[in-house]
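As stored in target24.json (JSON, C-alpha atoms):
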[["chain", "number", "residue", "atom", "x", "y", "z"],
["A", 1, "MET", "CA", 47.50, 99.73, 6.92],
["A", 2, "ASN", "CA", 48.78, 98.68, 3.49],
["A", 3, "GLN", "CA", 49.11, 95.16, 4.83],
["A", 4, "LEU", "CA", 45.62, 95.41, 6.28],
["A", 5, "ALA", "CA", 44.24, 96.53, 2.90],
["A", 6, "GLN", "CA", 45.78, 93.49, 1.21],
["A", 7, "CYS", "CA", 44.35, 91.23, 3.90],
["A", 8, "LEU", "CA", 40.84, 92.72, 3.65],
["A", 9, "SER", "CA", 40.90, 92.67, -0.14],
["A", 10, "SER", "CA", 40.89, 88.87, -0.16],
["A", 11, "LEU", "CA", 37.89, 88.90, 2.19],
["A", 12, "ALA", "CA", 35.85, 91.37, 0.11],
["A", 13, "ASN", "CA", 34.72, 89.62, -3.06],
["A", 14, "ASP", "CA", 31.60, 91.75, -3.50],
["A", 15, "GLU", "CA", 30.77, 95.44, -3.48],
["A", 16, "GLY", "CA", 29.22, 96.58, -0.23],
["A", 17, "TYR", "CA", 29.16, 94.45, 2.88],
["A", 18, "ASN", "CA", 30.91, 91.08, 3.01],
["A", 19, "ALA", "CA", 30.24, 88.81, 5.99],
["A", 20, "THR", "CA", 33.14, 86.91, 7.57],
["A", 21, "HIS", "CA", 33.49, 83.73, 9.60],
["A", 22, "LEU", "CA", 33.11, 85.82, 12.77],
["A", 23, "PRO", "CA", 29.54, 87.00, 13.50],
["A", 24, "GLY", "CA", 29.33, 90.75, 13.96],
["A", 25, "VAL", "CA", 32.47, 91.43, 11.92],
["A", 26, "GLY", "CA", 32.44, 92.22, 8.21],
["A", 27, "VAL", "CA", 34.42, 93.87, 5.44],
["A", 28, "PHE", "CA", 33.05, 96.73, 3.37],
["A", 29, "LYS", "CA", 34.22, 97.44, -0.18],
["A", 30, "ALA", "CA", 33.46, 100.41, -2.46],
["A", 31, "SER", "CA", 35.21, 100.71, -5.82],
["A", 32, "GLU", "CA", 33.85, 104.14, -6.73],
["A", 33, "SER", "CA", 33.71, 107.49, -5.01],
["A", 34, "ARG", "CA", 30.28, 108.69, -3.89],
["A", 35, "GLU", "CA", 29.18, 112.26, -3.39],
["A", 36, "ARG", "CA", 27.53, 113.34, -0.17],
["A", 37, "GLU", "CA", 24.27, 111.39, 0.26],
["A", 38, "PRO", "CA", 21.86, 110.25, 3.00],
["A", 39, "LEU", "CA", 22.97, 107.09, 4.74],
["A", 40, "CYS", "CA", 21.93, 105.42, 7.98],
["A", 41, "TYR", "CA", 24.82, 104.19, 10.06],
["A", 42, "SER", "CA", 24.61, 101.24, 12.37],
["A", 43, "GLN", "CA", 26.09, 101.11, 15.85],
["A", 44, "GLY", "CA", 29.69, 99.88, 15.57],
["A", 45, "ILE", "CA", 33.39, 100.44, 15.01],
["A", 46, "PHE", "CA", 34.58, 101.37, 11.51],
["A", 47, "ILE", "CA", 38.26, 100.87, 10.65],
["A", 48, "VAL", "CA", 39.44, 101.98, 7.21],
["A", 49, "ALA", "CA", 42.46, 100.31, 5.62],
["A", 50, "GLN", "CA", 42.23, 102.09, 2.24],
["A", 51, "GLY", "CA", 40.24, 105.11, 1.04],
["A", 52, "ALA", "CA", 38.37, 107.63, 3.16],
["A", 53, "LYS", "CA", 34.87, 108.58, 4.28],
["A", 54, "ARG", "CA", 33.31, 111.68, 5.73],
["A", 55, "VAL", "CA", 30.21, 111.76, 7.92],
["A", 56, "PHE", "CA", 28.20, 114.98, 8.09],
["A", 57, "LEU", "CA", 25.99, 115.44, 11.14],
["A", 58, "GLU", "CA", 24.51, 118.91, 11.47],
["A", 59, "GLN", "CA", 27.52, 121.28, 11.43],
["A", 60, "GLN", "CA", 30.07, 118.63, 12.36],
["A", 61, "VAL", "CA", 32.24, 116.67, 9.91],
["A", 62, "TYR", "CA", 33.88, 113.41, 10.95],
["A", 63, "GLU", "CA", 36.50, 111.90, 8.63],
["A", 64, "TYR", "CA", 37.70, 108.36, 9.07],
["A", 65, "ASN", "CA", 40.58, 106.93, 7.05],
["A", 66, "PRO", "CA", 43.66, 104.77, 7.63],
["A", 67, "GLU", "CA", 44.76, 107.22, 10.33],
["A", 68, "ASN", "CA", 41.45, 107.50, 12.24],
["A", 69, "TYR", "CA", 38.75, 105.00, 13.14],
["A", 70, "LEU", "CA", 35.10, 105.85, 13.76],
["A", 71, "VAL", "CA", 33.01, 104.73, 16.75],
["A", 72, "LEU", "CA", 29.22, 104.99, 16.69],
["A", 73, "THR", "CA", 27.54, 104.32, 20.01],
["A", 74, "LEU", "CA", 24.05, 104.75, 18.51],
["A", 75, "PRO", "CA", 22.63, 104.03, 15.05],
["A", 76, "ILE", "CA", 22.17, 107.39, 13.34],
["A", 77, "PRO", "CA", 20.94, 108.76, 10.01],
["A", 78, "ALA", "CA", 23.53, 111.14, 8.59],
["A", 79, "GLU", "CA", 25.10, 112.08, 5.26],
["A", 80, "CYS", "CA", 28.19, 110.35, 3.94],
["A", 81, "GLU", "CA", 30.84, 111.06, 1.33],
["A", 82, "THR", "CA", 33.16, 108.32, 0.00],
["A", 83, "ARG", "CA", 36.56, 109.02, -1.56],
["A", 84, "VAL", "CA", 38.32, 106.30, -3.57],
["A", 85, "SER", "CA", 41.51, 106.48, -5.67],
["A", 86, "PRO", "CA", 41.50, 104.77, -9.08],
["A", 87, "GLY", "CA", 42.32, 101.08, -8.74],
["A", 88, "GLU", "CA", 42.30, 101.28, -4.93],
["A", 89, "PRO", "CA", 38.80, 100.52, -3.60],
["A", 90, "LEU", "CA", 37.77, 101.63, -0.17],
["A", 91, "LEU", "CA", 38.24, 98.75, 2.24],
["A", 92, "SER", "CA", 37.11, 98.87, 5.83],
["A", 93, "LEU", "CA", 36.60, 96.49, 8.73],
["A", 94, "LEU", "CA", 33.23, 96.81, 10.46],
["A", 95, "ILE", "CA", 32.77, 95.54, 13.99],
["A", 96, "ASP", "CA", 29.45, 95.50, 15.85],
["A", 97, "ILE", "CA", 29.58, 96.72, 19.44],
["A", 98, "ASP", "CA", 28.97, 93.55, 21.42],
["A", 99, "LEU", "CA", 27.56, 94.63, 24.77],
["A", 100, "SER", "CA", 28.26, 91.19, 26.22],
["A", 101, "LEU", "CA", 31.96, 91.97, 25.73],
["A", 102, "LEU", "CA", 31.76, 95.67, 26.59],
["A", 103, "HIS", "CA", 29.94, 95.37, 29.93],
["A", 104, "PRO", "CA", 32.54, 93.19, 31.72],
["A", 105, "LEU", "CA", 35.36, 95.39, 30.42],
["A", 106, "VAL", "CA", 33.75, 98.53, 31.83],
["A", 107, "ARG", "CA", 33.19, 96.76, 35.16],
["A", 108, "LEU", "CA", 36.90, 95.94, 35.26],
["A", 109, "PHE", "CA", 37.81, 99.56, 34.55],
["A", 110, "ASP", "CA", 35.54, 100.59, 37.44],
["A", 111, "GLU", "CA", 37.02, 97.98, 39.80],
["A", 112, "HIS", "CA", 40.53, 99.20, 39.02],
["A", 113, "ASN", "CA", 39.52, 102.87, 39.15],
["A", 114, "GLN", "CA", 40.57, 103.36, 35.56],
["A", 115, "ALA", "CA", 37.27, 104.55, 34.09],
["A", 116, "LEU", "CA", 37.20, 107.97, 32.49],
["A", 117, "ALA", "CA", 35.70, 110.76, 34.53],
["A", 118, "THR", "CA", 32.51, 111.62, 32.64],
["A", 119, "SER", "CA", 29.57, 113.92, 33.16],
["A", 120, "GLU", "CA", 26.03, 113.38, 31.93],
["A", 121, "GLY", "CA", 26.00, 116.62, 29.97],
["A", 122, "GLY", "CA", 29.58, 116.42, 28.71],
["A", 123, "ILE", "CA", 31.47, 114.54, 26.04],
["A", 124, "GLU", "CA", 29.60, 111.29, 26.69],
["A", 125, "SER", "CA", 26.53, 112.81, 25.03],
["A", 126, "ARG", "CA", 28.11, 112.35, 21.60],
["A", 127, "SER", "CA", 26.77, 109.48, 19.54],
["A", 128, "LEU", "CA", 29.92, 109.21, 17.40],
["A", 129, "TYR", "CA", 33.56, 110.18, 17.47],
["A", 130, "VAL", "CA", 36.83, 109.54, 15.64],
["A", 131, "CYS", "CA", 40.05, 108.44, 17.30],
["A", 132, "PRO", "CA", 43.65, 108.19, 15.98],
["A", 133, "VAL", "CA", 44.93, 104.73, 15.09],
["A", 134, "SER", "CA", 47.85, 103.84, 17.35],
["A", 135, "GLU", "CA", 50.51, 101.26, 16.53],
["A", 136, "VAL", "CA", 49.15, 98.90, 19.18],
["A", 137, "PHE", "CA", 45.61, 99.30, 17.85],
["A", 138, "ALA", "CA", 46.73, 98.70, 14.25],
["A", 139, "ALA", "CA", 48.62, 95.56, 15.28],
["A", 140, "THR", "CA", 45.54, 94.12, 17.00],
["A", 141, "VAL", "CA", 43.36, 94.93, 13.99],
["A", 142, "MET", "CA", 45.85, 93.12, 11.78],
["A", 143, "ARG", "CA", 45.73, 90.01, 13.96],
["A", 144, "LEU", "CA", 41.95, 90.07, 13.86],
["A", 145, "ALA", "CA", 41.89, 90.46, 10.08],
["A", 146, "ASN", "CA", 44.30, 87.57, 9.65],
["A", 147, "CYS", "CA", 42.19, 85.23, 11.78],
["A", 148, "LEU", "CA", 39.08, 86.02, 9.68],
["A", 149, "HIS", "CA", 40.42, 83.88, 6.83],
["A", 150, "SER", "CA", 40.03, 80.73, 8.92],
["A", 151, "PRO", "CA", 36.76, 79.43, 10.38],
["A", 152, "LEU", "CA", 38.74, 77.71, 13.14],
["A", 153, "LYS", "CA", 40.80, 80.76, 14.07],
["A", 154, "SER", "CA", 37.70, 82.96, 13.93],
["A", 155, "ALA", "CA", 35.89, 80.65, 16.33],
["A", 156, "ALA", "CA", 38.87, 80.22, 18.64],
["A", 157, "LEU", "CA", 40.39, 83.72, 18.67],
["A", 158, "GLY", "CA", 37.89, 86.11, 17.12],
["A", 159, "ARG", "CA", 35.87, 87.21, 20.16],
["A", 160, "GLY", "CA", 39.04, 87.57, 22.21],
["A", 161, "LEU", "CA", 40.57, 89.88, 19.62],
["A", 162, "VAL", "CA", 37.38, 91.94, 19.39],
["A", 163, "GLN", "CA", 37.46, 92.24, 23.18],
["A", 164, "GLU", "CA", 41.09, 93.35, 22.99],
["A", 165, "LEU", "CA", 40.12, 96.05, 20.49],
["A", 166, "LEU", "CA", 37.31, 97.22, 22.75],
["A", 167, "PHE", "CA", 39.79, 97.41, 25.63],
["A", 168, "LEU", "CA", 42.14, 99.58, 23.58],
["A", 169, "ILE", "CA", 39.27, 101.84, 22.52],
["A", 170, "LEU", "CA", 38.20, 102.23, 26.17],
["A", 171, "CYS", "CA", 41.77, 103.25, 27.01],
["A", 172, "SER", "CA", 41.63, 106.20, 24.60],
["A", 173, "GLU", "CA", 40.88, 109.71, 25.79],
["A", 174, "HIS", "CA", 37.79, 109.90, 23.57],
["A", 175, "ALA", "CA", 36.01, 106.83, 24.97],
["A", 176, "ALA", "CA", 33.51, 108.52, 27.31],
["A", 177, "PRO", "CA", 30.53, 107.76, 25.01],
["A", 178, "LEU", "CA", 31.43, 104.07, 25.00],
["A", 179, "PHE", "CA", 31.56, 104.02, 28.81],
["A", 180, "ALA", "CA", 28.18, 105.74, 28.84],
["A", 181, "LEU", "CA", 26.71, 103.10, 26.53],
["A", 182, "ALA", "CA", 27.72, 100.33, 28.94],
["A", 183, "ARG", "CA", 26.24, 102.01, 32.02],
["A", 184, "HIS", "CA", 22.53, 101.40, 32.40],
["A", 185, "ASN", "CA", 21.45, 104.74, 33.85],
["A", 186, "THR", "CA", 23.11, 107.20, 31.45],
["A", 187, "HIS", "CA", 21.06, 109.14, 28.94],
["A", 188, "LEU", "CA", 22.90, 107.43, 26.11],
["A", 189, "ALA", "CA", 22.18, 103.91, 27.35],
["A", 190, "ARG", "CA", 18.52, 104.69, 27.95],
["A", 191, "LEU", "CA", 18.15, 106.22, 24.50],
["A", 192, "GLU", "CA", 19.79, 103.13, 23.01],
["A", 193, "ARG", "CA", 17.03, 100.98, 24.48],
["A", 194, "ALA", "CA", 14.34, 103.17, 22.90],
["A", 195, "MET", "CA", 16.14, 103.16, 19.54],
["A", 196, "LYS", "CA", 16.38, 99.39, 19.61],
["A", 197, "TYR", "CA", 12.61, 99.27, 20.02],
["A", 198, "MET", "CA", 12.21, 101.68, 17.09],
["A", 199, "HIS", "CA", 14.33, 99.44, 14.87],
["A", 200, "GLU", "CA", 12.27, 96.40, 15.78],
["A", 201, "HIS", "CA", 8.86, 98.12, 15.43],
["A", 202, "TYR", "CA", 9.43, 100.83, 12.80],
["A", 203, "ASP", "CA", 6.45, 99.58, 10.76],
["A", 204, "GLU", "CA", 4.06, 100.22, 13.65],
["A", 205, "THR", "CA", 2.50, 103.42, 14.97],
["A", 206, "LEU", "CA", 4.97, 104.85, 17.49],
["A", 207, "ASP", "CA", 4.53, 107.94, 19.63],
["A", 208, "VAL", "CA", 7.02, 109.93, 21.65],
["A", 209, "GLU", "CA", 5.27, 109.18, 24.94],
["A", 210, "ARG", "CA", 5.71, 105.43, 24.49],
["A", 211, "LEU", "CA", 9.38, 105.81, 23.48],
["A", 212, "ALA", "CA", 10.06, 108.18, 26.37],
["A", 213, "THR", "CA", 8.64, 105.60, 28.79],
["A", 214, "LEU", "CA", 11.00, 102.97, 27.39],
["A", 215, "ALA", "CA", 13.89, 105.35, 28.02],
["A", 216, "ASN", "CA", 12.59, 106.18, 31.51],
["A", 217, "MET", "CA", 12.41, 109.89, 30.65],
["A", 218, "SER", "CA", 9.74, 112.52, 30.43],
["A", 219, "PRO", "CA", 8.65, 113.26, 26.82],
["A", 220, "SER", "CA", 10.36, 116.67, 26.86],
["A", 221, "THR", "CA", 13.62, 115.27, 28.25],
["A", 222, "PHE", "CA", 13.51, 112.37, 25.83],
["A", 223, "HIS", "CA", 12.95, 114.69, 22.85],
["A", 224, "ARG", "CA", 15.76, 117.03, 23.91],
["A", 225, "ASN", "CA", 18.31, 114.26, 24.50],
["A", 226, "PHE", "CA", 17.30, 112.37, 21.38],
["A", 227, "ARG", "CA", 17.92, 115.42, 19.20],
["A", 228, "GLN", "CA", 21.20, 116.11, 20.95],
["A", 229, "MET", "CA", 22.45, 112.58, 20.25],
["A", 230, "THR", "CA", 21.17, 112.08, 16.70],
["A", 231, "ALA", "CA", 20.60, 115.59, 15.27],
["A", 232, "SER", "CA", 17.03, 114.45, 14.52],
["A", 233, "SER", "CA", 13.78, 114.52, 16.44],
["A", 234, "PRO", "CA", 12.31, 111.09, 17.26],
["A", 235, "ILE", "CA", 9.71, 111.50, 14.49],
["A", 236, "GLN", "CA", 12.34, 112.57, 11.94],
["A", 237, "TYR", "CA", 14.53, 109.65, 12.97],
["A", 238, "LEU", "CA", 11.66, 107.21, 12.50],
["A", 239, "LYS", "CA", 10.90, 108.67, 9.08],
["A", 240, "LYS", "CA", 14.54, 108.30, 7.96],
["A", 241, "LEU", "CA", 14.61, 104.75, 9.30],
["A", 242, "ARG", "CA", 11.45, 103.82, 7.40],
["A", 243, "LEU", "CA", 12.68, 105.39, 4.16],
["A", 244, "SER", "CA", 16.05, 103.62, 4.43],
["A", 245, "ARG", "CA", 14.34, 100.28, 5.03],
["A", 246, "ALA", "CA", 12.08, 100.96, 2.05],
["A", 247, "ARG", "CA", 15.08, 101.63, -0.19],
["A", 248, "GLU", "CA", 16.47, 98.24, 0.77],
["A", 249, "LEU", "CA", 13.16, 96.57, -0.13],
["A", 250, "LEU", "CA", 12.99, 98.36, -3.48],
["A", 251, "GLN", "CA", 16.59, 97.61, -4.45],
["A", 252, "ASP", "CA", 17.23, 94.21, -2.93],
["A", 253, "GLN", "CA", 13.83, 92.50, -3.09],
["A", 254, "GLY", "CA", 12.32, 94.17, -6.12],
["A", 255, "LEU", "CA", 9.09, 95.16, -4.37],
["A", 256, "ARG", "CA", 6.68, 97.62, -5.89],
["A", 257, "VAL", "CA", 6.50, 101.11, -4.43],
["A", 258, "LYS", "CA", 3.11, 100.55, -2.78],
["A", 259, "GLN", "CA", 4.29, 97.28, -1.25],
["A", 260, "ALA", "CA", 7.45, 98.84, 0.18],
["A", 261, "ALA", "CA", 5.51, 101.79, 1.55],
["A", 262, "ALA", "CA", 3.06, 99.54, 3.37],
["A", 263, "MET", "CA", 5.78, 97.28, 4.76],
["A", 264, "VAL", "CA", 7.60, 100.17, 6.46],
["A", 265, "GLY", "CA", 4.47, 101.66, 7.99],
["A", 266, "TYR", "CA", 3.20, 104.22, 5.48],
["A", 267, "GLU", "CA", -0.57, 104.31, 5.03],
["A", 268, "SER", "CA", -0.37, 106.75, 2.10],
["A", 269, "PRO", "CA", 1.76, 105.73, -0.93],
["A", 270, "THR", "CA", 1.58, 109.34, -2.13],
["A", 271, "GLN", "CA", 3.09, 110.66, 1.09],
["A", 272, "PHE", "CA", 5.72, 107.91, 0.97],
["A", 273, "SER", "CA", 6.73, 108.80, -2.60],
["A", 274, "ARG", "CA", 6.92, 112.50, -1.77],
["A", 275, "GLU", "CA", 9.09, 111.98, 1.31],
["A", 276, "PHE", "CA", 11.27, 109.38, -0.44],
["A", 277, "LYS", "CA", 12.14, 111.81, -3.23],
["A", 278, "ARG", "CA", 12.80, 114.63, -0.78],
["A", 279, "TYR", "CA", 15.17, 112.46, 1.26],
["A", 280, "PHE", "CA", 17.07, 110.57, -1.44],
["A", 281, "GLY", "CA", 16.80, 112.98, -4.36],
["A", 282, "LEU", "CA", 15.17, 110.46, -6.69],
["A", 283, "THR", "CA", 11.76, 108.89, -6.94],
["A", 284, "ALA", "CA", 10.96, 105.57, -5.32],
["A", 285, "GLN", "CA", 10.01, 104.23, -8.74],
["A", 286, "ALA", "CA", 13.40, 105.19, -10.17],
["A", 287, "CYS", "CA", 15.08, 103.52, -7.21],
["A", 288, "ALA", "CA", 13.08, 100.34, -7.83],
["A", 289, "LEU", "CA", 14.19, 100.37, -11.47],
["A", 290, "GLY", "CA", 17.85, 100.64, -10.53],
["A", 291, "GLY", "CA", 18.15, 104.40, -10.78],
["A", 292, "ALA", "CA", 20.69, 104.54, -7.99],
["A", 293, "ILE", "CA", 23.53, 102.30, -6.90],
["A", 294, "SER", "CA", 24.04, 101.99, -3.18],
["A", 295, "PRO", "CA", 25.48, 99.52, -0.66],
["A", 296, "LYS", "CA", 23.54, 96.32, -0.14],
["A", 297, "SER", "CA", 22.09, 97.71, 3.06],
["A", 298, "SER", "CA", 21.64, 101.42, 3.40],
["A", 299, "TRP", "CA", 21.27, 101.06, 7.15],
["A", 300, "SER", "CA", 23.36, 98.22, 8.47],
["A", 301, "HIS", "CA", 26.68, 98.75, 6.77],
["A", 302, "ALA", "CA", 28.61, 101.78, 5.58]]
Just give me the structure as structure tokens.
Amino acid sequence: MNQLAQCLSSLANDEGYNATHLPGVGVFKASESREREPLCYSQGIFIVAQGAKRVFLEQQVYEYNPENYLVLTLPIPAECETRVSPGEPLLSLLIDIDLSLLHPLVRLFDEHNQALATSEGGIESRSLYVCPVSEVFAATVMRLANCLHSPLKSAALGRGLVQELLFLILCSEHAAPLFALARHNTHLARLERAMKYMHEHYDETLDVERLATLANMSPSTFHRNFRQMTASSPIQYLKKLRLSRARELLQDQGLRVKQAAAMVGYESPTQFSREFKRYFGLTAQACALGGAISPKSSWSHA
């Protein structure tokens, strides 16, 4: 992982998220420690080469570091703590879960009778988990990181190496949630479809009945499974999504508070300001004036 940190360091010129030559793969850099704070995680695989992070979701704590990688099968709002040693910034490789790569792999596991035995109410209901980094996994990550320096190698080898990583993750004993994501009729996969709609239409009026229909569930079943997966009700999730998007608009685009509130679906600026302060611990106006330093995207990359 020391070699991986050196490799990623040359790819991470900026604080926060750094895109690479391979779509869906980026490098995250944080030079300072951050106390526990609200953060919305995207769906993906998070591999730390240097430093450490902790994710707090209800009563559970998930730590990912050079010894453990994190897998998120659903985008979730949680709380995050970042730990960085002086002169050694946190460096991590972020990989989107490409369903076009995941689906054929899971079909192959099924054809060869190698898929994990899962149950709808069991371990597959988790939206995130950590898994130890094996030597084989670390070697594949290193090959992927090396190819990211070259546009040609990224185009020629990148997707194949991401697929290899997905294969190794599916081989782990913790991979039941990832299998569930790739199977169309599981609760997790159906919730993922509803969440995708929420992310695309968060600025509109959304009700639980409509979302439940998208997930092919009754409203009560949808609400129960949604809370189980994300530790939030659908309405709470939508509120956190809107507030996180608003923080991006305030910090990155310099919008006024009323403009940001309207763009994320709030009809009342007063209600928006009240909920923003309750969630982030500072006023929206202070955030717009640079009162807090956060990653470039509070949702997409962590």
Shortest interatomic distance to A:Thr140 - which of A:Met1, A:Ala284, A:Ala212, A:Ala19, counting only C-alpha atoms: A:Met1
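Nearest residue to A:Arg126 among A:Leu105, A:Val27, A:Val141, A:Met229 is A:Met229, counting all atoms listed in the file.
Distance annotation: of A:Glu67, A:Glu88, A:Glu111, A:Asp98, the residue with the minimal separation from A:Val133 is A:Glu67; atom set is all atoms listed in the file.
The closest residue to A:Arg190, picked from A:Ala145, A:Leu282, A:Ala215, A:Ala288 and counting only C-alpha atoms, is A:Ala215.
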Atom pair atom CA of A:Leu249 / atom CA of A:His223: separation (Å): 29.3 Å
Between atom CA of A:Glu173 and atom CA of A:Ser134 - distance in Å to one decimal: 12.4 Å
Nearby residues (only C-alpha atoms) at most 9 Å from A:Leu74, same-chain spacing under 4 positions excluded, as a list in words: Tyr41, Ser42, Gln43, Gly44, Ser127, Leu128, Leu181, Leu188, Leu191, Glu192, Met195, Met229 and Thr230 of chain A
Where's the centre, and what are the edge lengths in Å to one decimal, of a box along x, y and z enclosing all listed atoms of stretch 88-103 of chain A padded 5 Å per side, as AutoDock Vina command-line options?
--center_x 34.9 --center_y 96.4 --center_z 12.5 --size_x 24.7 --size_y 20.4 --size_z 44.9
Gap from atom CA of A:Leu94 to atom CA of A:Thr186 - Å, one decimal: 25.5 Å
Test item: residues at most 8 Å from A:Gln285, only C-alpha atoms, excluding those fewer than 3 positions along its chain, as a count of residues only: 4
Within 8 Å of A:Leu102 using all atoms listed in the file, minus same-chain residues under 3 positions, as a ChimeraX atom specification: /A:97-99,105-106,163,166,182
Neighbour residues at most 10 Å from (36.9, 92.2, -1.3) (all atoms listed in the file) as number ranges by chain: A: 5-18, 27-31, 89-92
Near-A:Lys239 list (12 Å; only C-alpha atoms; drop same-chain fewer than 5 positions) as a list in words: Cys40, Pro77, Met198, His199, Tyr202, Asp203, Glu204, Thr205, Leu206, Ser232, Ser233, Pro234, Ser244, Arg245, Ala246, Ala261, Val264, Gly265, Tyr266, Gln271, Phe272, Glu275, Phe276, Arg278 and Tyr279 of chain A
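Using all atoms listed in the file, the nearest neighbour of A:Gly281 within the list A:Arg36, A:Arg242, A:His21, A:Arg83 is A:Arg36.
With all atoms listed in the file as the basis for measurement, A:Arg143 is the residue among A:Arg143, A:Arg193, A:Lys258, A:Arg54 that approaches A:Leu161 most closely.
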